[in-house]
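Structure record follows, encoded as structure tokens.
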Amino acid sequence: MVDLRSDFIGIKSPNPFWLASAPPTDKEYNVVRAFKAGWGGVVWKTLGEDPNVVNVNGPRYGAIHGKDRQLIGLNNIELITDRPLEVNLQEIKRVKRDWKDRALVVSLMVPCEEANWAAILKRVEETEADGVELNFGCPHGMSERGMGAAVGQVPEYIEMVTRWVKQYTRMPVIVKLTPNITDVRKPAQAAKRGGADAVSLINTINSIVGVDLDRMAPTPTVDGKGSHGGYCGPAVKPIALNMVAEIARDPATRGLPISGIGGITTWRDAAEFIALGAGNVQVCTAAMTYGFKIVEEMIEGLKDWMGEAGYERISDFSGMAVPNVTDWQYLNLNYIAKAKIDQDLCIKCGRCHIACEDTSHQAITNLVDGARKFEVIDAECVGCNLCVSVCPVENCITMEAMPAGSVDPRTGKAVNPDYANWTTHPNNPNALQAAE
């Protein structure tokens with residue numbers, strides 16, 4: 001029987017789906033609606049010190065849409081909560097009192113001074129919240145004031161502030177990381193050195209999503225001007241998955257609990273994050289696009305898949321994909337695959353042919369015996385997978401591995417059954433030097 005109950009660094013919730021710190025978690029009204037809809041937890045929108053910040057009174061979001069107006073990416077220029085600190089704290093206390101079975105974590109961002117952190121932590125503890133998340137990721141507005149990503153881009157600051165926080169609170173501490181950095185492993189390592197109980201990632205990516213060509217200004221446009229903001233939504237998922245995997249497989253941070261964030265819209269997205277090492281997931285853009293009830297589909301979908309796969313608990317498959325993440329140089333160069341087209345499924349649209357003909361290896365026909373037909377030319381196919389990616393019919397084109405000993409018609413060589421990678425390849429100058 002599938003049990004979705006989550007215990008993330010000692011913070012319990014009925015399922016692993018939390019709402020991320022963002023507009024959907026800015027007040028009691030929203031959070032209560034979220035809990036009624038079934039969300040397992042929330043990270044309350046980032047609190048700061050009084051006087052509260054000032055947000056623009058105009059457009060705060062810009063969007064990237066697909067052809068059918070499906071939201072692909074969202075850019076926001078909103079800052080942390082602009083409501084008084086005391087009002088937020090009172091609401092947090094009431095919500096936690098009324099929803100004891102749900103996870104309630106408070107996101108925090110204050111100036112990079114020990115006294116400031118000590119003061120706000122004391123007030124948050126009084127709410128009986130389950131934990132705190134240190135917002136070291138916000139890339140706009142607050143970073144210009146020496147907070148958010150301005151801290152998250154300096155590992156030494158991350159370690160220092162995390163140590164302060166661990167010194168002044170009994171609550172579990174999650175460090176939220178910025179993706180706006182060259183190597184996400186460095187800030188994760190710093191968070192661990194500072195004593196963080198977990199990390200969460202990714203926060204939003206620095207972006208300008210478009211330009212209004214009539215006003216000649218970035219969007220969203222405020223009185224004729226625009227600014228960079230934070231990019232989120234389905235488009236950032238691949239970046240988030242990579243960063244989560246990098247932390248999960250880094251020897252210095254292996255085993256550090258991870259809360260996965262970034263473009264999670266379906267149960268499958270959540271399962272992928274968990275398979276790459278996340279202990280739970282946080283969602284924002286999907287809720288802002290479809291409403292809180294989207295969590296019902298996530299819960300049911302994850303339950304169904306886990307049941308079919310034989311997993312009873314989240315922990316049963318958390319991190320299972322991590323050992324299969326490797327560096328390019330260790331990929332098996334003796335593995336040979338060819339594309340195969342299922343003629344019964346083919347709708348003869350020709351997209352595979354034109355993509356391969358114009359931009360790849362001219363390995364797909366468009367005519368056979370004078371009739372329109374698409375077949376793979378094995379003697380030209382390098383197995384690149386482009387045709388699979390552009391085909392509009394799922395499973396119409398598949399990649400099939402050639403068995404060991406068979407002859408690759410492209411190279412005329414037999415498929416070698418032995419594993420070999422770039423570190424041992426004769427074309428690798430370093431490999432040649434090592435042999436000498």
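Following the order of the structure tokens, first chain is A, next is B, and so on, with residues numbered from 1 inside each chain and ligands from 1 in the order they appear.
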Backbone-only DSSP, strand (DSSP E or B) members of segment 150-323 of chain A, as a count of residues only: 32
Which of segment 75-149 of chain A DSSP labels helix (DSSP H, G or I), written as an MDAnalysis selection string: chainID A and resid 85:98 114:125 143:145 149
Write out, as a tab-separated table, each residue of segment 9-66 of chain A that has an atom at most 12 Å from segment 110-121 of chain A, together with the closest pair of atoms and their distance in Å to one decimal, counting only C-alpha atoms, rows going by chain and rising number.
residue	atom	partner	partner_atom	distance
A:Thr46	CA	A:Val110	CA	9.7
A:Leu47	CA	A:Val110	CA	8.1
A:Gly48	CA	A:Val110	CA	5.4
A:Glu49	CA	A:Val110	CA	6.4
A:Asp50	CA	A:Val110	CA	10.0
A:Pro51	CA	A:Val110	CA	11.7
A:Asn52	CA	A:Val110	CA	11.1
A:Val53	CA	A:Val110	CA	11.3
For Gly194 of chain A: contacts at 6 Å, only C-alpha atoms, fewer than 6 positions along chain excluded, given as a VMD selection string: chain A and resid 159 162 to 163
Write the residues you've just listed into a file as a PDB file, in the first residue's frame, and include N, CA and C atoms for each of them.
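Dumped everything to selection-v7.pdb:
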ATOM      1  N   GLU A 159      28.052  30.131   4.542  1.00  0.00           N
ATOM      2  CA  GLU A 159      28.509  29.383   5.713  1.00  0.00           C
ATOM      3  C   GLU A 159      28.387  30.214   6.984  1.00  0.00           C
ATOM      4  N   THR A 162      24.625  30.765   7.951  1.00  0.00           N
ATOM      5  CA  THR A 162      24.047  29.495   8.390  1.00  0.00           C
ATOM      6  C   THR A 162      24.515  29.152   9.800  1.00  0.00           C
ATOM      7  N   ARG A 163      25.778  29.387  10.097  1.00  0.00           N
ATOM      8  CA  ARG A 163      26.279  29.146  11.450  1.00  0.00           C
ATOM      9  C   ARG A 163      25.555  30.011  12.472  1.00  0.00           C
TER      10      ARG A 163
END
Do you know which residues are at most 8 Å from Ile274 of chain A counting only C-alpha atoms, after dropping those on the same chain fewer than 4 positions away, and could you put them as a PDB file with all heavy atoms, in the first residue's frame?
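Contents of around16.pdb, as written:
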ATOM      1  N   GLY A 260      13.462  19.769  -3.610  1.00  0.00           N
ATOM      2  CA  GLY A 260      13.570  20.091  -5.020  1.00  0.00           C
ATOM      3  C   GLY A 260      12.563  21.135  -5.473  1.00  0.00           C
ATOM      4  O   GLY A 260      11.382  21.043  -5.160  1.00  0.00           O
ATOM      5  N   ALA A 270       7.662  15.661 -10.160  1.00  0.00           N
ATOM      6  CA  ALA A 270       8.032  15.446  -8.760  1.00  0.00           C
ATOM      7  C   ALA A 270       8.831  14.162  -8.600  1.00  0.00           C
ATOM      8  O   ALA A 270       9.856  14.121  -7.900  1.00  0.00           O
ATOM      9  CB  ALA A 270       6.784  15.412  -7.895  1.00  0.00           C
ATOM     10  N   ALA A 278      15.997  14.319  -4.278  1.00  0.00           N
ATOM     11  CA  ALA A 278      15.182  15.196  -3.438  1.00  0.00           C
ATOM     12  C   ALA A 278      14.350  14.383  -2.449  1.00  0.00           C
ATOM     13  O   ALA A 278      13.863  13.303  -2.781  1.00  0.00           O
ATOM     14  CB  ALA A 278      14.261  16.062  -4.305  1.00  0.00           C
ATOM     15  N   GLY A 279      14.198  14.909  -1.249  1.00  0.00           N
ATOM     16  CA  GLY A 279      13.365  14.249  -0.247  1.00  0.00           C
ATOM     17  C   GLY A 279      11.930  14.696  -0.314  1.00  0.00           C
ATOM     18  O   GLY A 279      11.016  13.988   0.122  1.00  0.00           O
ATOM     19  N   ASN A 280      11.700  15.897  -0.830  1.00  0.00           N
ATOM     20  CA  ASN A 280      10.353  16.393  -1.107  1.00  0.00           C
ATOM     21  C   ASN A 280      10.462  17.439  -2.216  1.00  0.00           C
ATOM     22  O   ASN A 280      11.558  17.676  -2.741  1.00  0.00           O
ATOM     23  CB  ASN A 280       9.687  16.958   0.155  1.00  0.00           C
ATOM     24  CG  ASN A 280      10.281  18.297   0.588  1.00  0.00           C
ATOM     25  OD1 ASN A 280      11.239  18.809  -0.002  1.00  0.00           O
ATOM     26  ND2 ASN A 280       9.744  18.876   1.639  1.00  0.00           N
ATOM     27  N   VAL A 281       9.334  18.041  -2.586  1.00  0.00           N
ATOM     28  CA  VAL A 281       9.358  19.048  -3.650  1.00  0.00           C
ATOM     29  C   VAL A 281       8.549  20.267  -3.246  1.00  0.00           C
ATOM     30  O   VAL A 281       7.631  20.180  -2.429  1.00  0.00           O
ATOM     31  CB  VAL A 281       8.809  18.489  -4.981  1.00  0.00           C
ATOM     32  CG1 VAL A 281       9.712  17.403  -5.521  1.00  0.00           C
ATOM     33  CG2 VAL A 281       7.387  17.983  -4.824  1.00  0.00           C
ATOM     34  N   ILE A 314       8.081   7.200  -0.294  1.00  0.00           N
ATOM     35  CA  ILE A 314       8.939   8.091  -1.072  1.00  0.00           C
ATOM     36  C   ILE A 314      10.397   7.670  -0.947  1.00  0.00           C
ATOM     37  O   ILE A 314      11.163   7.678  -1.918  1.00  0.00           O
ATOM     38  CB  ILE A 314       8.770   9.554  -0.605  1.00  0.00           C
ATOM     39  CG1 ILE A 314       7.352  10.059  -0.884  1.00  0.00           C
ATOM     40  CG2 ILE A 314       9.800  10.467  -1.272  1.00  0.00           C
ATOM     41  CD1 ILE A 314       6.994  10.155  -2.339  1.00  0.00           C
ATOM     42  N   PHE A 317      12.373   5.159  -3.481  1.00  0.00           N
ATOM     43  CA  PHE A 317      13.015   5.478  -4.766  1.00  0.00           C
ATOM     44  C   PHE A 317      13.768   6.805  -4.755  1.00  0.00           C
ATOM     45  O   PHE A 317      14.368   7.194  -5.761  1.00  0.00           O
ATOM     46  CB  PHE A 317      11.993   5.459  -5.912  1.00  0.00           C
ATOM     47  CG  PHE A 317      11.017   6.603  -5.919  1.00  0.00           C
ATOM     48  CD1 PHE A 317      11.236   7.711  -6.715  1.00  0.00           C
ATOM     49  CD2 PHE A 317       9.868   6.565  -5.149  1.00  0.00           C
ATOM     50  CE1 PHE A 317      10.330   8.775  -6.747  1.00  0.00           C
ATOM     51  CE2 PHE A 317       8.948   7.608  -5.171  1.00  0.00           C
ATOM     52  CZ  PHE A 317       9.190   8.712  -5.976  1.00  0.00           C
ATOM     53  N   SER A 318      13.804   7.470  -3.609  1.00  0.00           N
ATOM     54  CA  SER A 318      14.539   8.729  -3.524  1.00  0.00           C
ATOM     55  C   SER A 318      16.028   8.481  -3.778  1.00  0.00           C
ATOM     56  O   SER A 318      16.658   7.658  -3.118  1.00  0.00           O
ATOM     57  CB  SER A 318      14.354   9.364  -2.141  1.00  0.00           C
ATOM     58  OG  SER A 318      15.097  10.571  -2.047  1.00  0.00           O
ATOM     59  N   GLY A 319      16.579   9.169  -4.762  1.00  0.00           N
ATOM     60  CA  GLY A 319      17.996   9.061  -5.075  1.00  0.00           C
ATOM     61  C   GLY A 319      18.376   7.873  -5.936  1.00  0.00           C
ATOM     62  O   GLY A 319      19.564   7.700  -6.249  1.00  0.00           O
TER      63      GLY A 319
END
Write out as JSON lines the residues of segment 238-328 of chain A that have any atom within 7 Å of an atom of segment 19-26 of chain A, one row each with the nearest atom pair and its distance in Å to one decimal, counting only C-alpha atoms, sorted by chain and then rising number.
{"residue": "A:Gln282", "atom": "CA", "partner": "A:Ala20", "partner_atom": "CA", "distance": 4.9}
{"residue": "A:Val283", "atom": "CA", "partner": "A:Leu19", "partner_atom": "CA", "distance": 4.8}
{"residue": "A:Cys284", "atom": "CA", "partner": "A:Ala20", "partner_atom": "CA", "distance": 5.5}
Could the residues in this selection be written to a file with all heavy atoms, as a CSV table (one decimal), in the first residue's frame?
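Wrote out_20.csv, looks like this:
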chain,number,residue,atom,x,y,z
A,282,GLN,N,8.9,21.4,-3.8
A,282,GLN,CA,8.2,22.6,-3.6
A,282,GLN,C,7.7,23.1,-5.0
A,282,GLN,O,8.4,23.1,-6.0
A,282,GLN,CB,9.1,23.7,-3.0
A,282,GLN,CG,9.6,23.3,-1.6
A,282,GLN,CD,10.4,24.4,-0.9
A,282,GLN,OE1,10.1,25.6,-1.2
A,282,GLN,NE2,11.4,24.1,-0.2
A,283,VAL,N,6.5,23.7,-5.0
A,283,VAL,CA,5.8,24.0,-6.2
A,283,VAL,C,5.3,25.5,-6.1
A,283,VAL,O,4.9,25.9,-5.0
A,283,VAL,CB,4.6,23.1,-6.5
A,283,VAL,CG1,3.8,23.6,-7.8
A,283,VAL,CG2,5.0,21.7,-6.6
A,284,CYS,N,5.4,26.2,-7.2
A,284,CYS,CA,4.9,27.6,-7.2
A,284,CYS,C,4.2,27.9,-8.5
A,284,CYS,O,3.0,28.1,-8.5
A,284,CYS,CB,6.1,28.6,-7.0
A,284,CYS,SG,5.5,30.3,-7.2
